[in-house]
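What follows is the content of work.txt, which has compact mmCIF, C-alpha atoms:
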```
# COMPACT_ATOMS: atom_id res chain seq x y z
CA MET A 10 11.99 -8.36 -38.85
CA LEU A 11 9.44 -6.33 -36.96
CA LYS A 12 7.97 -3.34 -38.78
CA LEU A 13 7.88 0.25 -37.62
CA PRO A 14 4.16 1.06 -38.10
CA SER A 15 2.79 4.58 -38.22
CA LEU A 16 1.65 5.82 -34.81
CA ARG A 17 -1.34 7.58 -36.39
CA SER A 18 -2.76 4.25 -37.57
CA THR A 19 -2.89 3.01 -33.97
CA LEU A 20 -4.90 5.96 -32.61
CA ILE A 21 -8.33 5.49 -34.24
CA HIS A 22 -10.12 2.14 -34.07
CA PRO A 23 -13.46 1.70 -35.90
CA ASP A 24 -14.95 -0.56 -33.23
CA ALA A 25 -14.31 1.86 -30.34
CA GLY A 26 -17.14 3.38 -28.29
CA GLU A 27 -18.18 7.04 -28.53
CA ASP A 28 -16.14 8.11 -25.49
CA ASP A 29 -13.15 6.14 -26.73
CA LEU A 30 -13.45 7.74 -30.17
CA GLN A 31 -13.47 11.22 -28.62
CA LEU A 32 -10.32 10.45 -26.65
CA GLN A 33 -8.66 8.89 -29.67
CA GLN A 34 -9.60 11.85 -31.85
CA LEU A 35 -8.10 14.17 -29.23
CA ALA A 36 -4.91 12.11 -29.31
CA ALA A 37 -4.85 12.28 -33.11
CA ASN A 38 -5.31 16.08 -33.00
CA LEU A 39 -2.46 16.38 -30.51
CA LEU A 40 -0.29 14.25 -32.76
CA GLY A 41 -1.13 16.58 -35.66
CA LEU A 42 -0.03 19.62 -33.65
CA LEU A 43 3.26 17.92 -32.80
CA GLU A 44 3.86 17.15 -36.46
CA GLN A 45 3.18 20.78 -37.40
CA GLU A 46 6.02 21.73 -35.08
CA GLN A 47 8.17 19.00 -36.69
CA LEU A 48 8.27 17.06 -33.44
CA GLY A 49 8.39 13.31 -33.96
CA LEU A 50 6.66 11.00 -31.49
CA TRP A 51 7.93 7.47 -30.77
CA CYS A 52 6.51 4.69 -28.62
CA TRP A 53 8.00 1.30 -27.78
CA PRO A 54 5.73 -1.17 -25.86
CA LEU A 55 8.43 -3.46 -24.44
CA GLU A 56 6.26 -6.57 -24.34
CA GLN A 57 5.37 -6.21 -28.03
CA ASN A 58 8.90 -5.23 -29.08
CA ARG A 59 7.36 -2.98 -31.77
CA LEU A 60 8.53 0.58 -32.28
CA TYR A 61 5.78 3.00 -33.34
CA LEU A 62 6.78 6.23 -35.11
CA SER A 63 4.70 9.26 -36.04
CA THR A 64 4.89 10.68 -39.56
CA ALA A 65 7.19 13.49 -38.40
CA ALA A 66 9.52 10.98 -36.72
CA ARG A 67 9.72 8.99 -39.94
CA GLN A 68 10.54 12.11 -41.90
CA LEU A 69 13.31 13.03 -39.47
CA LEU A 70 14.78 9.55 -39.89
CA GLY A 71 14.32 9.52 -43.66
CA LEU A 72 12.06 6.45 -43.55
CA HIS A 73 9.38 5.78 -46.14
CA GLY A 74 6.30 3.59 -45.94
CA ASN A 75 6.79 0.61 -43.61
CA GLN A 76 10.58 0.68 -43.93
CA GLY A 77 12.36 -0.29 -40.70
CA SER A 78 12.37 -3.06 -38.10
CA ALA A 79 12.71 -3.44 -34.34
CA ALA A 80 14.37 -0.92 -32.04
CA CYS A 81 17.81 -2.13 -33.14
CA ALA A 82 17.04 -0.74 -36.64
CA TYR A 83 16.89 2.74 -35.17
CA LEU A 84 20.43 2.28 -33.85
CA GLU A 85 21.51 1.25 -37.34
CA LEU A 86 20.57 4.74 -38.54
CA VAL A 87 22.56 6.40 -35.73
CA HIS A 88 26.09 7.56 -36.56
CA ILE A 89 28.64 5.00 -35.37
CA ASP A 90 30.29 7.53 -33.03
CA ASP A 91 26.94 8.19 -31.30
CA GLN A 92 25.53 4.65 -31.11
CA ALA A 93 26.98 3.89 -27.67
CA ARG A 94 25.50 7.10 -26.22
CA VAL A 95 22.02 6.41 -27.66
CA GLU A 96 22.09 2.73 -26.63
CA LEU A 97 23.07 3.65 -23.09
CA ALA A 98 20.23 6.23 -22.92
CA ILE A 99 17.67 3.63 -24.06
CA ASN A 100 18.99 1.07 -21.57
CA GLN A 101 18.78 3.76 -18.91
CA LEU A 102 15.08 4.26 -19.71
CA ILE A 103 14.46 0.49 -19.66
CA ALA A 104 16.14 0.34 -16.24
CA GLY A 105 13.68 2.99 -14.98
CA ALA A 106 15.99 6.02 -14.75
CA PRO A 107 14.73 9.24 -16.37
CA LEU A 108 16.64 11.30 -18.93
CA ASN A 109 17.27 14.74 -17.47
CA GLU A 110 18.14 16.18 -20.87
CA PRO A 111 17.68 15.10 -24.50
CA VAL A 112 20.36 12.93 -26.07
CA GLN A 113 21.89 14.73 -29.06
CA HIS A 114 23.09 12.41 -31.82
CA ARG A 115 23.54 12.09 -35.54
CA VAL A 116 21.53 9.87 -37.88
CA THR A 117 22.30 8.91 -41.45
CA PRO A 118 19.01 8.47 -43.35
CA THR A 119 18.76 6.53 -46.58
CA ASN A 120 19.90 9.58 -48.56
CA ASP A 121 23.22 9.44 -46.65
CA GLN A 122 22.86 13.04 -45.44
CA VAL A 123 23.91 13.38 -41.79
CA ARG A 124 21.23 14.98 -39.61
CA TRP A 125 21.48 16.01 -35.95
CA LEU A 126 18.54 14.94 -33.74
CA GLN A 127 17.59 15.14 -30.08
CA LEU A 128 16.00 12.10 -28.41
CA SER A 129 13.96 12.42 -25.21
CA GLY A 130 11.78 9.85 -23.49
CA GLN A 131 10.38 8.26 -20.38
CA ARG A 132 9.31 4.87 -19.05
CA GLN A 133 5.59 4.37 -18.35
CA HIS A 134 3.64 1.69 -16.46
CA LEU A 135 0.22 1.30 -18.09
CA ALA A 136 -3.03 0.35 -16.35
CA ASN A 137 -2.94 -3.15 -17.86
CA GLY A 138 0.42 -3.81 -16.18
CA SER A 139 2.53 -3.49 -19.32
CA VAL A 140 5.54 -1.17 -19.68
CA GLN A 141 6.37 1.14 -22.56
CA LEU A 142 8.96 3.73 -23.49
CA SER A 143 7.83 6.86 -25.32
CA GLY A 144 9.18 10.28 -26.16
CA LEU A 145 9.99 12.88 -28.78
CA LEU A 146 12.44 13.29 -31.66
CA ARG A 147 13.36 16.74 -32.90
CA GLU A 148 15.96 18.21 -35.21
CA SER A 149 18.81 20.03 -33.46
CA HIS A 150 21.50 22.42 -34.59
CA THR A 151 24.88 21.08 -35.64
CA PRO A 152 27.33 21.43 -32.71
CA SER A 153 30.21 23.84 -33.15
CA ALA A 154 33.44 22.43 -34.50
CA PRO A 155 36.14 21.64 -31.92
CA ALA A 156 38.14 24.70 -30.91
CA THR A 157 41.93 24.74 -31.04
CA SER A 158 43.91 24.32 -27.85
CA GLU A 159 45.24 27.87 -28.24
CA GLN A 160 41.69 29.21 -28.00
CA HIS A 161 41.16 27.40 -24.66
CA GLN A 162 37.48 26.97 -25.50
CA GLU A 163 35.19 24.09 -24.65
CA HIS A 164 35.19 21.64 -27.55
CA TRP A 165 32.59 19.19 -28.73
CA PRO A 166 33.31 15.91 -26.92
CA SER A 167 35.02 13.11 -28.80
CA HIS A 168 33.54 9.64 -29.01
CA ALA A 169 35.65 8.40 -26.09
CA GLU A 170 34.78 11.43 -23.94
CA SER A 171 31.07 11.07 -24.68
CA ARG A 172 31.04 7.41 -23.70
CA ALA A 173 32.98 8.06 -20.48
CA SER A 174 30.57 10.80 -19.43
CA GLU A 175 27.55 8.61 -20.19
CA LEU A 176 28.83 5.90 -17.83
CA LYS A 177 27.79 8.11 -14.92
CA PHE A 178 24.25 8.43 -16.29
CA ALA A 179 24.66 12.19 -15.87
CA ALA A 180 22.39 13.97 -13.40
CA SER A 181 19.52 11.52 -13.73
CA PHE A 182 21.58 8.66 -12.32
CA ARG A 183 22.37 10.73 -9.23
CA SER A 184 18.93 12.25 -8.67
CA THR A 185 16.64 9.21 -8.92
CA PRO A 186 15.19 8.17 -5.51
CA ASP A 187 15.71 4.47 -6.31
CA SER A 188 19.05 2.78 -5.79
CA MET A 189 20.90 2.20 -9.05
CA VAL A 190 24.11 0.35 -9.86
CA VAL A 191 26.13 -0.44 -12.98
CA THR A 192 28.04 -3.72 -12.86
CA GLN A 193 29.97 -5.98 -15.20
CA ARG A 194 27.59 -8.77 -16.11
CA ASP A 195 29.87 -11.79 -15.76
CA SER A 196 32.05 -10.75 -12.81
CA GLY A 197 29.50 -8.62 -10.96
CA ILE A 198 32.17 -5.95 -10.36
CA LEU A 199 30.54 -2.63 -9.48
CA ILE A 200 31.37 0.20 -11.90
CA GLN A 201 29.12 2.89 -10.45
CA VAL A 202 26.52 3.37 -7.69
CA ASN A 203 24.25 6.36 -7.11
CA PRO A 204 23.63 8.33 -3.88
CA ALA A 205 20.35 6.50 -3.27
CA PHE A 206 22.32 3.23 -3.12
CA GLU A 207 24.69 4.73 -0.55
CA ARG A 208 21.75 5.89 1.61
CA GLN A 209 19.86 2.62 1.41
CA PHE A 210 22.67 0.12 1.87
CA GLY A 211 25.16 2.11 3.95
CA TRP A 212 28.25 1.71 1.75
CA ASN A 213 29.77 4.72 0.05
CA ALA A 214 30.92 4.51 -3.56
CA ALA A 215 34.62 4.32 -2.67
CA GLN A 216 33.99 1.20 -0.56
CA VAL A 217 32.27 -0.83 -3.30
CA ILE A 218 33.40 0.35 -6.76
CA GLY A 219 35.88 -2.13 -8.20
CA ARG A 220 34.59 -4.97 -5.98
CA SER A 221 32.07 -7.63 -6.96
CA THR A 222 28.57 -7.61 -5.53
CA LEU A 223 29.26 -11.03 -3.99
CA ALA A 224 32.45 -9.83 -2.29
CA VAL A 225 30.69 -6.76 -0.92
CA GLY A 226 27.92 -8.95 0.53
CA LEU A 227 25.05 -7.45 -1.44
CA TRP A 228 23.55 -10.86 -2.25
CA ARG A 229 22.16 -12.58 0.85
CA ASN A 230 21.40 -15.60 -1.33
CA PRO A 231 24.01 -15.93 -4.13
CA ALA A 232 21.68 -18.28 -6.01
CA GLU A 233 19.39 -15.29 -6.64
CA ARG A 234 22.16 -13.68 -8.70
CA LEU A 235 22.14 -16.73 -10.95
CA THR A 236 18.36 -16.38 -11.23
CA MET A 237 18.84 -12.75 -12.29
CA LEU A 238 21.41 -13.69 -14.95
CA ALA A 239 19.12 -16.44 -16.29
CA ALA A 240 16.23 -13.96 -16.57
CA LEU A 241 18.46 -11.48 -18.39
CA ALA A 242 19.66 -14.17 -20.79
CA ASP A 243 16.15 -14.53 -22.20
CA ASP A 244 15.71 -11.02 -23.63
CA GLY A 245 18.42 -8.81 -22.13
CA ARG A 246 16.22 -7.04 -19.57
CA LEU A 247 14.79 -7.68 -16.12
CA GLU A 248 11.34 -6.93 -14.65
CA HIS A 249 10.10 -7.30 -11.05
CA LEU A 250 12.59 -9.88 -9.73
CA GLU A 251 12.20 -10.08 -5.93
CA VAL A 252 15.48 -10.67 -4.08
CA LEU A 253 16.92 -10.37 -0.58
CA LEU A 254 19.87 -7.94 -0.41
CA GLY A 255 22.32 -7.21 2.40
CA HIS A 256 23.29 -3.89 4.02
CA SER A 257 26.61 -2.73 5.44
CA ASP A 258 25.29 -3.10 9.03
CA GLY A 259 24.37 -6.75 8.47
CA SER A 260 20.64 -6.16 8.04
CA SER A 261 18.66 -7.22 4.97
CA SER A 262 15.90 -5.79 2.80
CA ILE A 263 13.54 -7.19 0.20
CA ASN A 264 13.99 -5.50 -3.18
CA LEU A 265 12.55 -5.59 -6.67
CA LEU A 266 15.17 -5.58 -9.42
CA TYR A 267 14.66 -3.89 -12.78
CA GLY A 268 17.36 -3.59 -15.37
CA ALA A 269 18.90 -4.30 -18.72
CA GLU A 270 22.17 -5.18 -20.37
CA CYS A 271 24.30 -2.44 -21.92
CA MET A 272 27.67 -2.26 -23.64
CA ILE A 273 30.43 -0.23 -21.93
CA ASP A 274 33.89 -0.14 -23.50
CA GLY A 275 33.10 -3.32 -25.39
CA GLN A 276 32.06 -5.16 -22.23
CA VAL A 277 28.56 -6.43 -21.42
CA CYS A 278 27.34 -4.67 -18.29
CA LEU A 279 24.13 -4.43 -16.29
CA ALA A 280 22.25 -1.24 -15.39
CA LEU A 281 20.08 -2.20 -12.42
CA THR A 282 17.46 -0.39 -10.35
CA LEU A 283 16.91 -1.71 -6.79
CA ARG A 284 13.59 -0.81 -5.16
CA ASP A 285 13.13 -1.53 -1.44
CA ILE A 286 9.73 -3.17 -0.80
CA SER A 287 10.45 -4.46 2.72
CA GLN A 288 7.81 -2.25 4.35
CA GLN A 289 5.21 -3.26 1.76
CA ARG A 290 5.89 -6.97 2.37
CA GLN A 291 5.71 -6.42 6.16
CA GLN A 292 2.33 -4.71 5.80
CA GLU A 293 1.06 -7.53 3.58
CA GLN A 294 2.17 -10.12 6.14
CA ALA A 295 0.55 -8.15 8.97
CA LEU A 296 -2.70 -8.09 7.00
CA ARG A 297 -2.53 -11.85 6.41
CA ASP A 298 -1.86 -12.44 10.12
CA SER A 299 -4.80 -10.22 11.04
CA GLN A 300 -7.09 -12.05 8.63
CA GLU A 301 -6.02 -15.41 10.02
CA ARG A 302 -6.69 -14.26 13.60
CA LEU A 303 -10.09 -12.94 12.56
CA GLN A 304 -10.93 -16.21 10.84
CA LEU A 305 -9.96 -18.21 13.93
CA ALA A 306 -12.06 -15.93 16.15
CA LEU A 307 -15.06 -16.27 13.83
CA GLU A 308 -14.73 -20.05 13.71
CA GLY A 309 -14.44 -20.21 17.49
CA ALA A 310 -17.62 -18.17 17.90
CA GLU A 311 -19.34 -20.11 15.08
CA LEU A 312 -19.89 -16.89 13.14
CA GLY A 313 -20.20 -16.67 9.39
CA LEU A 314 -19.31 -13.76 7.09
CA TRP A 315 -21.11 -12.76 3.90
CA ASP A 316 -20.77 -10.01 1.32
CA TRP A 317 -23.42 -8.98 -1.23
CA HIS A 318 -21.89 -7.70 -4.48
CA LEU A 319 -24.65 -5.45 -5.79
CA PRO A 320 -23.54 -5.04 -9.44
CA SER A 321 -23.56 -8.81 -10.00
CA ALA A 322 -26.31 -9.60 -7.41
CA LYS A 323 -24.03 -12.35 -6.06
CA ILE A 324 -23.36 -13.38 -2.48
CA PHE A 325 -19.86 -14.21 -1.30
CA ALA A 326 -20.01 -16.12 1.99
CA SER A 327 -17.47 -17.81 4.24
CA ALA A 328 -17.47 -21.58 4.68
CA ARG A 329 -19.19 -21.20 8.08
CA ALA A 330 -21.93 -18.95 6.67
CA SER A 331 -22.50 -21.43 3.84
CA SER A 332 -22.75 -24.34 6.31
CA LEU A 333 -25.18 -22.46 8.58
CA HIS A 334 -27.49 -21.92 5.58
CA GLY A 335 -27.52 -25.65 4.83
CA LEU A 336 -25.14 -25.47 1.88
CA SER A 337 -21.70 -27.08 1.57
CA GLU A 338 -18.93 -26.51 4.12
CA SER A 339 -16.88 -24.53 1.61
CA PRO A 340 -17.10 -20.83 0.79
CA TYR A 341 -20.16 -19.85 -1.27
CA ASP A 342 -20.04 -17.74 -4.42
CA GLY A 343 -23.32 -17.51 -6.31
CA PRO A 344 -26.79 -15.99 -6.73
CA LEU A 345 -28.62 -14.50 -3.75
CA GLU A 346 -31.67 -16.75 -4.28
CA GLN A 347 -29.59 -19.94 -4.17
CA PHE A 348 -27.99 -18.80 -0.91
CA PHE A 349 -31.50 -19.00 0.65
CA THR A 350 -32.38 -22.43 -0.80
CA TYR A 351 -32.96 -23.94 2.65
CA ILE A 352 -34.74 -20.95 4.16
CA PRO A 353 -38.56 -21.25 4.33
CA LEU A 354 -40.43 -18.72 2.19
CA ASP A 355 -41.72 -16.63 5.09
CA ASP A 356 -38.25 -16.46 6.62
CA GLN A 357 -36.78 -15.59 3.21
CA ARG A 358 -38.97 -12.49 3.10
CA ILE A 359 -37.66 -11.43 6.53
CA ALA A 360 -34.02 -11.93 5.55
CA LEU A 361 -34.38 -10.32 2.12
CA ALA A 362 -36.15 -7.29 3.61
CA ALA A 363 -33.15 -6.74 5.89
CA TYR A 364 -30.69 -7.14 3.00
CA GLN A 365 -32.67 -4.75 0.80
CA TYR A 366 -32.83 -2.20 3.63
CA LEU A 367 -29.04 -2.08 3.57
CA ARG A 368 -28.93 -2.10 -0.24
CA ASP A 369 -31.17 0.98 -0.41
CA GLY A 370 -28.58 2.99 1.52
CA HIS A 371 -30.37 3.46 4.85
CA PRO A 372 -28.02 4.59 7.64
CA GLY A 373 -26.99 2.38 10.52
CA SER A 374 -27.34 -1.40 10.66
CA THR A 375 -30.19 -3.87 10.74
CA ARG A 376 -30.78 -7.35 12.16
CA ALA A 377 -32.99 -10.20 11.04
CA ALA A 378 -33.73 -13.55 12.73
CA TYR A 379 -34.78 -16.43 10.50
CA CYS A 380 -34.75 -20.21 10.29
CA ALA A 381 -32.79 -22.56 8.01
CA VAL A 382 -34.14 -26.09 7.43
CA HIS A 383 -31.24 -28.25 6.30
CA ALA A 384 -31.53 -31.21 3.91
CA ASP A 385 -31.57 -33.65 6.86
CA GLY A 386 -34.63 -31.87 8.31
CA SER A 387 -32.76 -30.21 11.17
CA ARG A 388 -33.77 -26.65 11.96
CA HIS A 389 -31.21 -23.93 12.70
CA TYR A 390 -32.16 -20.45 13.90
CA LEU A 391 -29.90 -17.73 12.57
CA GLU A 392 -29.45 -14.04 13.20
CA GLY A 393 -27.74 -11.74 10.74
```
Before anything else, please render the file you have as structure tokens.
Amino acid sequence: MLKLPSLRSTLIHPDAGEDDLQLQQLAANLLGLLEQEQLGLWCWPLEQNRLYLSTAARQLLGLHGNQGSAACAYLELVHIDDQARVELAINQLIAGAPLNEPVQHRVTPTNDQVRWLQLSGQRQHLANGSVQLSGLLRESHTPSAPATSEQHQEHWPSHAESRASELKFAASFRSTPDSMVVTQRDSGILIQVNPAFERQFGWNAAQVIGRSTLAVGLWRNPAERLTMLAALADDGRLEHLEVLLGHSDGSSSINLLYGAECMIDGQVCLALTLRDISQQRQQEQALRDSQERLQLALEGAELGLWDWHLPSAKIFASARASSLHGLSESPYDGPLEQFFTYIPLDDQRIALAAYQYLRDGHPGSTRAAYCAVHADGSRHYLEG
């Protein structure tokens, strides 16, 4: 079982630098202010599968010391009538859809006293490429008791009503700019699609809900659906799966799939986010084509390219530039001095003076003509 460590213990590291310590101390101070307001902070790095809780969050949940386990242990504390709503909210965050409002639910701490809490959170992509969920826990007021039918007042939703309303992902499902769908996992039958899906793919909800994604024609390559299911079978969620999807007009687009499994009415379903990256892939291909054309033009003109990386004092040179300097016929990556191995000393001074002129930040460009004497004794006159 994975432990639920204290978030405070992760903020200050003794081997951090001075700047890092200042930032970490600021984070610790902020955490202290949140705890003074009885706001609990939680953080779940998905790759680690460890749930970090602040002291206030532990107190709200009635946890002591290192009591607890993975994220599923939090659900074990949630009242049985609220578990589906909380699980769906967490799966919604994993799928990349924001929560427009906190999820109100009951927990039963170890002292068996029911407590009402509000859960809010968001999904974050960190600089190192990892993904985490984080948010706040706070105590909320007990909802009013259900009113009688004679009073014709709005009553607190029953378990069945709450689950039905959560299937639509509330306002967040409709407002996200990315296409989102909810499907049955095994059959692929569409349960819900959002407006962004209708705009991107051209089908309206009435045309696709109740039909499978294969029957609709969403999968251009049905084998990719099997790849998606295999990826989900590993840990129940999906990250950055690139697939080709079809549109109502017969066209196709390249998409990244994100998503997770969720339980709806006792059935395993998928909450998926579809992000169109067709334009990005077209731009990448255009750049590759341009680079290939440039390389062919340079080879035809017997021109070599080089780049001097100042922080490391290394030269990166094309295969042609390396060959012209008497080195191998493969790209060069190494010290500046070694790049001039076959350049006579007097010519080295000429070339280095030109390089240093550019390094010192002088405006414009400069040229230098020098000689390279290859290992076979042949002399080659170069201009750069």
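Between atom CA of Leu223 of chain A and atom CA of Ser196 of chain A lies a distance of 9.3 Å.
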- Within 6 Å of segment 276-290 of chain A, counting all atoms listed in the file, which residues show up once you throw out same-chain ones fewer than 6 positions away? Write them as an NGL selection string, please. :A and (187-194 or 262-270)
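Atom pair atom CA of Gln292 of chain A / atom CA of Ala136 of chain A: separated by 23.3 Å.
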- Message: Would you compute the distance between atom CA of Ile359 of chain A and atom CA of Leu345 of chain A? Give it in Å to one decimal.
- Response: 14.0 Å
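Candidate residues A:Arg368, A:Arg329, A:Arg388, A:Arg67 were compared for distance to Leu145 of chain A, and the nearest is A:Arg67, using all atoms listed in the file.
Neighbours of segment 110-127 of chain A closer than or equal to 9 Å, with only C-alpha atoms counted and sequence neighbours fewer than 4 positions away skipped, come out as Leu69, Leu70, Gly71, Leu72, Tyr83, Leu84, Glu85, Leu86, Val87, His88, Ile89, Asp90, Asp91, Gln92, Arg94, Val95, Ala98, Leu145, Leu146, Arg147, Glu148, Ser149, His150, Thr151, Pro152, Ala180 and Ser181 of chain A.
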- Query: Near Pro204 of chain A, within 9 Å and counting only C-alpha atoms, which residues show up once chain neighbours fewer than 6 positions away are dropped, as a VMD selection string?
  - Reply: chain A and resid 182 to 186 188 to 189 213 to 214
- Is there a way to get, as a ChimeraX atom specification, all residues within 8 Å of the point (29.2, 0.2, -21.2) in file coordinates, counting only C-alpha atoms? /A:93,97,172,176,271-278
Edge lengths and centre in Å to one decimal, as AutoDock Vina command-line options, is what I'm after for the box along x, y and z that holds all listed atoms of segment 278-283 of chain A once 8 Å is added on each side.
```
--center_x 22.1 --center_y -2.5 --center_z -12.5 --size_x 26.4 --size_y 20.3 --size_z 27.5
```
- Task: Considering only C-alpha atoms, return as a VMD selection string whatever protein or nucleic-acid residues lie within 8 Å of segment 312-315 of chain A, sequence-local ones (same chain, fewer than 4 positions apart) excluded.
- Result: chain A and resid 307 to 308 324 to 331 333
